[in-house]
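**Q** Take a look at start.csv, CSV, C-alpha atoms and all ligand atoms:
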chain,number,residue,atom,x,y,z
A,1,MET,CA,0.0,0.0,0.0
A,2,ILE,CA,1.1,3.6,-0.7
A,3,THR,CA,2.0,5.2,2.6
A,4,VAL,CA,2.0,8.9,3.7
A,5,ALA,CA,5.8,8.8,3.6
A,6,ASP,CA,5.7,7.8,-0.2
A,7,VAL,CA,3.3,10.7,-0.8
A,8,LYS,CA,5.5,13.2,1.0
A,9,ASN,CA,8.5,12.2,-1.1
A,10,ASP,CA,6.7,12.3,-4.4
A,11,GLU,CA,8.0,15.1,-6.7
A,12,GLU,CA,4.6,15.9,-8.2
A,13,VAL,CA,3.2,16.3,-4.7
A,14,LYS,CA,6.1,18.6,-3.7
A,15,ALA,CA,5.6,20.7,-6.8
A,16,ILE,CA,1.8,21.1,-6.3
A,17,MET,CA,2.2,21.8,-2.6
A,18,TYR,CA,4.7,24.5,-3.4
A,19,MET,CA,2.3,26.1,-5.8
A,20,ALA,CA,-0.6,25.9,-3.3
A,21,GLU,CA,1.6,27.6,-0.7
A,22,SER,CA,2.7,30.4,-3.0
A,23,GLN,CA,-0.9,31.1,-4.1
A,24,ILE,CA,-2.0,31.3,-0.5
A,25,GLU,CA,0.9,33.6,0.3
A,26,ALA,CA,0.1,35.9,-2.6
A,27,LEU,CA,-3.5,36.1,-1.4
A,28,GLY,CA,-2.3,36.9,2.2
A,29,PHE,CA,-4.3,34.1,3.8
A,30,THR,CA,-3.4,32.2,7.0
A,31,GLU,CA,-0.7,29.7,6.0
A,32,HIS,CA,-1.7,26.3,4.6
A,33,SER,CA,1.8,25.0,4.2
A,34,VAL,CA,3.6,21.7,4.8
A,35,ARG,CA,3.5,22.5,8.6
A,36,HIS,CA,-0.3,22.6,8.5
A,37,SER,CA,-0.6,19.6,6.2
A,38,SER,CA,1.8,17.5,8.4
A,39,ILE,CA,-0.1,18.4,11.6
A,40,VAL,CA,-3.5,17.6,10.0
A,41,SER,CA,-2.1,14.3,8.7
A,42,LYS,CA,-0.8,13.3,12.1
A,43,TRP,CA,-4.0,14.4,14.0
A,44,ALA,CA,-6.3,12.7,11.5
A,45,GLY,CA,-4.4,9.5,11.9
A,46,ASP,CA,-4.2,9.8,15.7
A,47,ILE,CA,-8.0,10.3,15.9
A,48,LEU,CA,-8.7,7.1,14.0
A,49,GLU,CA,-6.1,5.2,15.8
A,50,GLN,CA,-7.4,6.2,19.2
A,51,ILE,CA,-11.0,5.3,18.4
A,52,GLY,CA,-9.9,1.9,17.3
A,53,ALA,CA,-9.9,2.1,13.5
A,54,ASP,CA,-7.7,-0.4,11.6
A,55,GLU,CA,-4.2,0.4,10.2
A,56,HIS,CA,-5.5,0.8,6.6
A,57,ARG,CA,-8.1,3.5,7.5
A,58,ILE,CA,-5.5,5.2,9.6
A,59,GLU,CA,-3.0,5.4,6.7
A,60,LEU,CA,-5.8,6.7,4.4
A,61,ALA,CA,-6.6,9.4,7.0
A,62,LYS,CA,-2.9,10.4,7.2
A,63,ILE,CA,-2.6,10.7,3.4
A,64,ALA,CA,-5.9,12.7,3.2
A,65,GLY,CA,-4.6,15.0,5.9
A,66,TYR,CA,-1.4,15.6,4.1
A,67,LEU,CA,-3.0,16.3,0.7
A,68,HIS,CA,-6.2,18.0,1.9
A,69,ASP,CA,-5.3,21.6,0.9
A,70,ILE,CA,-3.5,21.0,-2.5
A,71,GLY,CA,-6.5,22.5,-4.3
A,72,ASN,CA,-5.1,25.8,-3.2
A,73,SER,CA,-2.7,25.4,-6.1
A,74,VAL,CA,-5.7,25.8,-8.4
A,75,ASN,CA,-7.8,28.5,-6.6
A,76,ARG,CA,-8.7,29.1,-3.0
A,77,GLU,CA,-12.4,29.0,-4.2
A,78,ASP,CA,-13.6,25.4,-4.2
A,79,HIS,CA,-10.1,24.2,-3.2
A,80,ALA,CA,-11.7,21.1,-1.6
A,81,GLN,CA,-13.1,19.9,-4.8
A,82,SER,CA,-10.2,20.7,-7.0
A,83,GLY,CA,-7.8,19.2,-4.4
A,84,ALA,CA,-9.9,16.0,-4.2
A,85,LEU,CA,-9.6,15.5,-8.0
A,86,LEU,CA,-5.9,16.3,-8.0
A,87,ALA,CA,-5.3,13.8,-5.1
A,88,TYR,CA,-7.2,11.0,-6.9
A,89,LYS,CA,-5.1,11.6,-10.1
A,90,ILE,CA,-1.8,11.6,-8.2
A,91,LEU,CA,-2.5,8.6,-6.0
A,92,THR,CA,-3.7,6.4,-8.8
A,93,ARG,CA,-0.6,7.5,-10.8
A,94,MET,CA,1.4,6.4,-7.8
A,95,GLY,CA,-0.3,3.0,-8.0
A,96,MET,CA,-2.8,3.3,-5.2
A,97,ASP,CA,-5.8,1.0,-5.3
A,98,TYR,CA,-8.7,2.8,-7.0
A,99,ARG,CA,-11.0,2.4,-4.0
A,100,ASP,CA,-8.5,3.8,-1.6
A,101,ALA,CA,-7.8,6.7,-3.8
A,102,ALA,CA,-11.5,7.3,-4.2
A,103,ALA,CA,-11.9,7.2,-0.4
A,104,ILE,CA,-9.3,9.9,0.0
A,105,MET,CA,-10.8,12.0,-2.9
A,106,MET,CA,-14.2,11.9,-1.1
A,107,ALA,CA,-12.6,13.0,2.3
A,108,ILE,CA,-10.7,15.9,0.7
A,109,GLY,CA,-13.8,17.0,-1.2
A,110,ASN,CA,-15.7,17.3,2.1
A,111,HIS,CA,-13.2,18.9,4.4
A,112,ASP,CA,-14.3,22.5,3.9
A,113,GLU,CA,-17.0,23.9,6.2
A,114,ASN,CA,-18.9,25.6,3.4
A,115,GLN,CA,-19.7,22.5,1.4
A,116,GLY,CA,-18.4,19.5,3.4
A,117,LEU,CA,-20.1,16.8,5.4
A,118,PRO,CA,-18.6,13.9,7.4
A,119,VAL,CA,-19.5,11.1,5.0
A,120,SER,CA,-16.9,8.5,6.1
A,121,ASP,CA,-14.6,7.8,9.1
A,122,VAL,CA,-11.6,9.2,7.1
A,123,THR,CA,-13.6,12.3,6.2
A,124,ALA,CA,-14.7,12.9,9.8
A,125,ALA,CA,-11.1,12.5,11.2
A,126,LEU,CA,-9.8,14.9,8.5
A,127,ILE,CA,-12.5,17.5,9.3
A,128,ILE,CA,-11.8,17.5,13.1
A,129,ALA,CA,-8.0,17.6,12.6
A,130,ASP,CA,-8.1,20.4,10.1
A,131,LYS,CA,-10.4,22.6,12.1
A,132,ALA,CA,-8.3,22.0,15.2
A,133,ASP,CA,-5.1,23.6,13.9
A,134,VAL,CA,-5.4,27.2,15.3
A,135,HIS,CA,-2.0,28.5,16.2
A,136,LYS,CA,0.0,31.7,16.1
A,137,SER,CA,2.6,30.1,13.8
A,138,ARG,CA,-0.1,30.1,11.1
A,139,VAL,CA,0.0,33.9,10.8
A,140,ARG,CA,2.3,35.0,8.0
A,141,SER,CA,5.1,37.0,9.5
A,142,ASN,CA,5.5,39.3,6.6
A,143,THR,CA,1.9,40.5,6.6
A,144,THR,CA,1.6,40.6,10.3
A,145,LEU,CA,4.7,41.7,12.1
A,146,MET,CA,4.5,45.1,10.6
A,147,ARG,CA,1.1,45.6,12.2
A,148,ILE,CA,1.6,43.6,15.4
A,149,GLU,CA,1.9,46.8,17.5
A,150,ASN,CA,-1.8,47.5,16.8
A,151,TRP,CA,-4.0,44.4,17.4
A,152,GLY,CA,-7.1,46.3,16.3
A,153,ASN,CA,-5.7,46.6,12.8
A,154,LEU,CA,-5.3,42.8,12.3
A,155,ASN,CA,-7.9,40.9,10.5
A,156,ILE,CA,-9.9,38.6,12.7
A,157,HIS,CA,-8.3,35.4,11.4
A,158,ASP,CA,-4.8,36.7,12.2
A,159,ARG,CA,-5.9,38.0,15.6
A,160,VAL,CA,-7.4,34.7,16.6
A,161,ASN,CA,-4.5,32.7,15.3
A,162,LEU,CA,-1.9,35.0,16.9
A,163,ALA,CA,-3.7,34.8,20.2
A,164,ALA,CA,-3.8,31.0,20.1
A,165,GLU,CA,-0.9,29.8,22.2
A,166,LYS,CA,-1.7,26.1,21.8
A,167,SER,CA,-4.3,23.8,20.3
A,168,GLY,CA,-4.6,20.1,20.2
A,169,ILE,CA,-6.9,17.1,20.0
A,170,THR,CA,-7.2,14.4,22.6
A,171,VAL,CA,-9.5,11.4,22.8
A,172,ASN,CA,-11.0,10.4,26.1
A,173,ARG,CA,-12.1,6.8,25.8
A,174,GLY,CA,-13.7,7.0,29.3
A,175,THR,CA,-16.1,9.7,28.4
A,176,GLY,CA,-16.3,8.9,24.7
A,177,GLU,CA,-15.2,12.4,23.7
A,178,ILE,CA,-12.9,13.8,21.1
A,179,ILE,CA,-11.7,17.0,22.7
A,180,LEU,CA,-10.3,20.2,21.1
A,181,ASN,CA,-8.3,22.0,23.6
A,182,ILE,CA,-7.2,25.6,22.9
A,183,ILE,CA,-5.3,28.1,25.0
A,184,ILE,CA,-6.0,31.6,23.9
A,185,ASP,CA,-4.3,34.8,25.1
A,186,THR,CA,-7.5,36.8,25.9
A,187,ASP,CA,-5.5,40.0,26.1
A,188,LYS,CA,-4.9,39.7,22.4
A,189,CYS,CA,-8.3,38.3,21.4
A,190,PRO,CA,-11.6,37.9,23.2
A,191,VAL,CA,-13.0,34.3,23.1
A,192,MET,CA,-16.0,35.8,21.1
A,193,ASP,CA,-13.7,36.5,18.2
A,194,TYR,CA,-12.7,32.9,18.1
A,195,PHE,CA,-16.4,31.9,18.0
A,196,GLU,CA,-17.2,34.5,15.3
A,197,ILE,CA,-14.9,32.8,12.8
A,198,TYR,CA,-14.9,29.2,14.1
A,199,PHE,CA,-18.5,28.6,14.9
A,200,LYS,CA,-19.3,26.9,11.6
A,201,ARG,CA,-16.1,24.9,11.9
A,202,MET,CA,-17.0,23.7,15.4
A,203,GLN,CA,-20.5,22.7,14.2
A,204,LEU,CA,-18.9,20.6,11.5
A,205,SER,CA,-16.4,19.1,13.9
A,206,ARG,CA,-19.3,18.1,16.2
A,207,ARG,CA,-21.1,16.5,13.3
A,208,ALA,CA,-17.9,14.7,12.4
A,209,ALA,CA,-17.6,13.3,15.9
A,210,ASP,CA,-21.2,12.3,15.8
A,211,PHE,CA,-20.6,10.4,12.6
A,212,LEU,CA,-17.8,8.5,14.4
A,213,GLY,CA,-20.1,7.7,17.2
A,214,TRP,CA,-18.2,10.0,19.6
A,215,LYS,CA,-19.0,13.3,21.3
A,216,PHE,CA,-17.1,16.5,20.5
A,217,ALA,CA,-15.9,18.7,23.3
A,218,LEU,CA,-14.4,22.2,23.1
A,219,ILE,CA,-12.3,23.5,25.9
A,220,ILE,CA,-10.8,27.0,25.8
A,221,ASN,CA,-8.5,28.1,28.6
A,222,ASP,CA,-9.7,25.1,30.7
A,223,VAL,CA,-13.3,26.2,30.4
A,224,ARG,CA,-15.6,23.7,28.7
A,225,LEU,CA,-17.7,25.5,26.0
A,226,LEU,CA,-19.2,22.5,24.1
B,1,FE,FE,-8.9,23.6,3.3
B,2,FE,FE,-6.5,23.0,6.0
Can the structure from this file be put into structure tokens for me?
**A**
Amino acid sequence: MITVADVKNDEEVKAIMYMAESQIEALGFTEHSVRHSSIVSKWAGDILEQIGADEHRIELAKIAGYLHDIGNSVNREDHAQSGALLAYKILTRMGMDYRDAAAIMMAIGNHDENQGLPVSDVTAALIIADKADVHKSRVRSNTTLMRIENWGNLNIHDRVNLAAEKSGITVNRGTGEIILNIIIDTDKCPVMDYFEIYFKRMQLSRRAADFLGWKFALIINDVRLL
């Protein structure tokens, strides 16, 4: 079976991810680079592993996580759909089984909160992992550091990401919960700002956990909000 390590080393993947990154940088969005892809890959695999999925599904989730934002090489708009088709083409060219490649295509095509739904275990794990990556390292230094003296001038995505000291996913088998834990510096960003941009993403994460037969919990600064 094709592994996530094979995918990371593939020259076509490297070229497309480079182009996705440069388009996102040109547009001034929060980064969607190899750092984000690698974290989403790891967390998506961890979620399935901890809820007891088999090795095969875990590897598919890791690959879906790594490739989920490659559609940004085409256009930010509808990047989930374009990325899904690109991933299918690359993975079948690499020799992946058609059904596995199709499972990854479907997961990537459903990862965005505007059109996506948790339609499989791999999709659900990808959604939760992607929406959980909120961190100050995602803000582009070149667009932000010039303005950092004045928080009010930052766009809300930058403000929320810069205020996020830490975020991570844990699975509590005892309570049956998949937990998103975020530490936010509330001097830099009120928790309400977080909700303003992340409400839709949290709703989708909750649906994703439901699909897996687990509950979704959100804890910000040690306070349980969901
Ligand atoms: Fe995305
Ligand atoms: Fe993403």
**Q** Restricting the calculation to all atoms listed in the file, which member of A:Ser41, A:Asn181, A:Thr92, A:Asn155 is positioned closest to A:Ile108?
**A**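 Looking at the shortest contact to A:Ile108, the residue is A:Ser41.
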**Q** Quick check, in Å to one decimal: how far apart do atom CA of A:Ser33 and atom CA of A:Gly95 lie?
**A**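 Between atom CA of A:Ser33 and atom CA of A:Gly95 the gap works out to 25.2 Å.
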**Q** Show me which residues are within 12 Å of ligand FE 1 (chain B) counting all atoms listed in the file, and format the list as a ChimeraX atom specification.
**A** /A:20-21,24,29-33,36-37,40,64-73,75-84,107-116,126-131,133,201
**Q** Since we have the selection now, will you write its residues out, keeping C-alpha atoms, as an mmCIF file, keeping the file's coordinate frame?
**A**
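Result saved to out_18.cif:
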data_model
loop_
_atom_site.group_PDB
_atom_site.id
_atom_site.type_symbol
_atom_site.label_atom_id
_atom_site.label_comp_id
_atom_site.auth_asym_id
_atom_site.auth_seq_id
_atom_site.Cartn_x
_atom_site.Cartn_y
_atom_site.Cartn_z
ATOM 1 C CA ALA A 20 -0.600 25.900 -3.300
ATOM 2 C CA GLU A 21 1.600 27.600 -0.700
ATOM 3 C CA ILE A 24 -2.000 31.300 -0.500
ATOM 4 C CA PHE A 29 -4.300 34.100 3.800
ATOM 5 C CA THR A 30 -3.400 32.200 7.000
ATOM 6 C CA GLU A 31 -0.700 29.700 6.000
ATOM 7 C CA HIS A 32 -1.700 26.300 4.600
ATOM 8 C CA SER A 33 1.800 25.000 4.200
ATOM 9 C CA HIS A 36 -0.300 22.600 8.500
ATOM 10 C CA SER A 37 -0.600 19.600 6.200
ATOM 11 C CA VAL A 40 -3.500 17.600 10.000
ATOM 12 C CA ALA A 64 -5.900 12.700 3.200
ATOM 13 C CA GLY A 65 -4.600 15.000 5.900
ATOM 14 C CA TYR A 66 -1.400 15.600 4.100
ATOM 15 C CA LEU A 67 -3.000 16.300 0.700
ATOM 16 C CA HIS A 68 -6.200 18.000 1.900
ATOM 17 C CA ASP A 69 -5.300 21.600 0.900
ATOM 18 C CA ILE A 70 -3.500 21.000 -2.500
ATOM 19 C CA GLY A 71 -6.500 22.500 -4.300
ATOM 20 C CA ASN A 72 -5.100 25.800 -3.200
ATOM 21 C CA SER A 73 -2.700 25.400 -6.100
ATOM 22 C CA ASN A 75 -7.800 28.500 -6.600
ATOM 23 C CA ARG A 76 -8.700 29.100 -3.000
ATOM 24 C CA GLU A 77 -12.400 29.000 -4.200
ATOM 25 C CA ASP A 78 -13.600 25.400 -4.200
ATOM 26 C CA HIS A 79 -10.100 24.200 -3.200
ATOM 27 C CA ALA A 80 -11.700 21.100 -1.600
ATOM 28 C CA GLN A 81 -13.100 19.900 -4.800
ATOM 29 C CA SER A 82 -10.200 20.700 -7.000
ATOM 30 C CA GLY A 83 -7.800 19.200 -4.400
ATOM 31 C CA ALA A 84 -9.900 16.000 -4.200
ATOM 32 C CA ALA A 107 -12.600 13.000 2.300
ATOM 33 C CA ILE A 108 -10.700 15.900 0.700
ATOM 34 C CA GLY A 109 -13.800 17.000 -1.200
ATOM 35 C CA ASN A 110 -15.700 17.300 2.100
ATOM 36 C CA HIS A 111 -13.200 18.900 4.400
ATOM 37 C CA ASP A 112 -14.300 22.500 3.900
ATOM 38 C CA GLU A 113 -17.000 23.900 6.200
ATOM 39 C CA ASN A 114 -18.900 25.600 3.400
ATOM 40 C CA GLN A 115 -19.700 22.500 1.400
ATOM 41 C CA GLY A 116 -18.400 19.500 3.400
ATOM 42 C CA LEU A 126 -9.800 14.900 8.500
ATOM 43 C CA ILE A 127 -12.500 17.500 9.300
ATOM 44 C CA ILE A 128 -11.800 17.500 13.100
ATOM 45 C CA ALA A 129 -8.000 17.600 12.600
ATOM 46 C CA ASP A 130 -8.100 20.400 10.100
ATOM 47 C CA LYS A 131 -10.400 22.600 12.100
ATOM 48 C CA ASP A 133 -5.100 23.600 13.900
ATOM 49 C CA ARG A 201 -16.100 24.900 11.900
#
**Q** What does the distance from atom CA of A:Lys200 to atom CA of A:Val160 come to in Å, to one decimal?
**A** 15.1 Å
**Q** Can you work out which one of A:Lys14, A:His56, A:Lys89, A:Arg35 has the shortest atom-to-atom distance to ligand FE 2 (chain B), counting all atoms listed in the file?
**A**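 Distance minimum relative to ligand FE 2 (chain B) lands on A:Arg35.
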**Q** Quick check, in Å to one decimal: how far apart do atom CA of A:Met202 and atom CA of A:Phe216 lie?
**A**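 Pair atom CA of A:Met202 / atom CA of A:Phe216 returns 8.8 Å.
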**Q** Which residue gives the smallest distance to A:Tyr98 among A:Gln50, A:Asp158, A:Asp222, A:Ile2, with only C-alpha atoms counted?
**A** A:Ile2
**Q** Around the point (-15.3, 2.4, 0.1) in the file's coordinates, collect all residues with an atom within 12 Å, using only C-alpha atoms, and return them as a list of chain:residue names.
**A** A:His56, A:Arg57, A:Leu60, A:Asp97, A:Tyr98, A:Arg99, A:Asp100, A:Ala101, A:Ala102, A:Ala103, A:Ile104, A:Met105, A:Met106, A:Ala107, A:Val119, A:Ser120, A:Asp121, A:Val122, A:Thr123
**Q** If we count only C-alpha atoms, what is near A:Asp46 at a cut-off of 10 Å, once residues fewer than 3 positions away on the same chain are taken out, given as a ChimeraX atom specification?
**A** /A:40-43,49-53,58,61-62,125,129,169-171
**Q** Smallest atom-to-atom distance to ligand FE 2 (chain B): which of A:Gln23, A:Glu59, A:Leu85, A:Arg138, using all atoms listed in the file?
**A**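 For ligand FE 2 (chain B), the nearest of the given residues is A:Arg138.
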**Q** Between A:Gly28, A:Val34, A:Tyr18, A:Lys215, which is the closest to ligand FE 2 (chain B) once you count all atoms listed in the file?
**A**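 Using all atoms listed in the file, the shortest distance to ligand FE 2 (chain B) belongs to A:Val34.
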**Q** Closest to ligand FE 2 (chain B) among A:Met19, A:Val134, A:Ala217, A:Ile182, using only C-alpha atoms and all ligand atoms?
**A** A:Val134
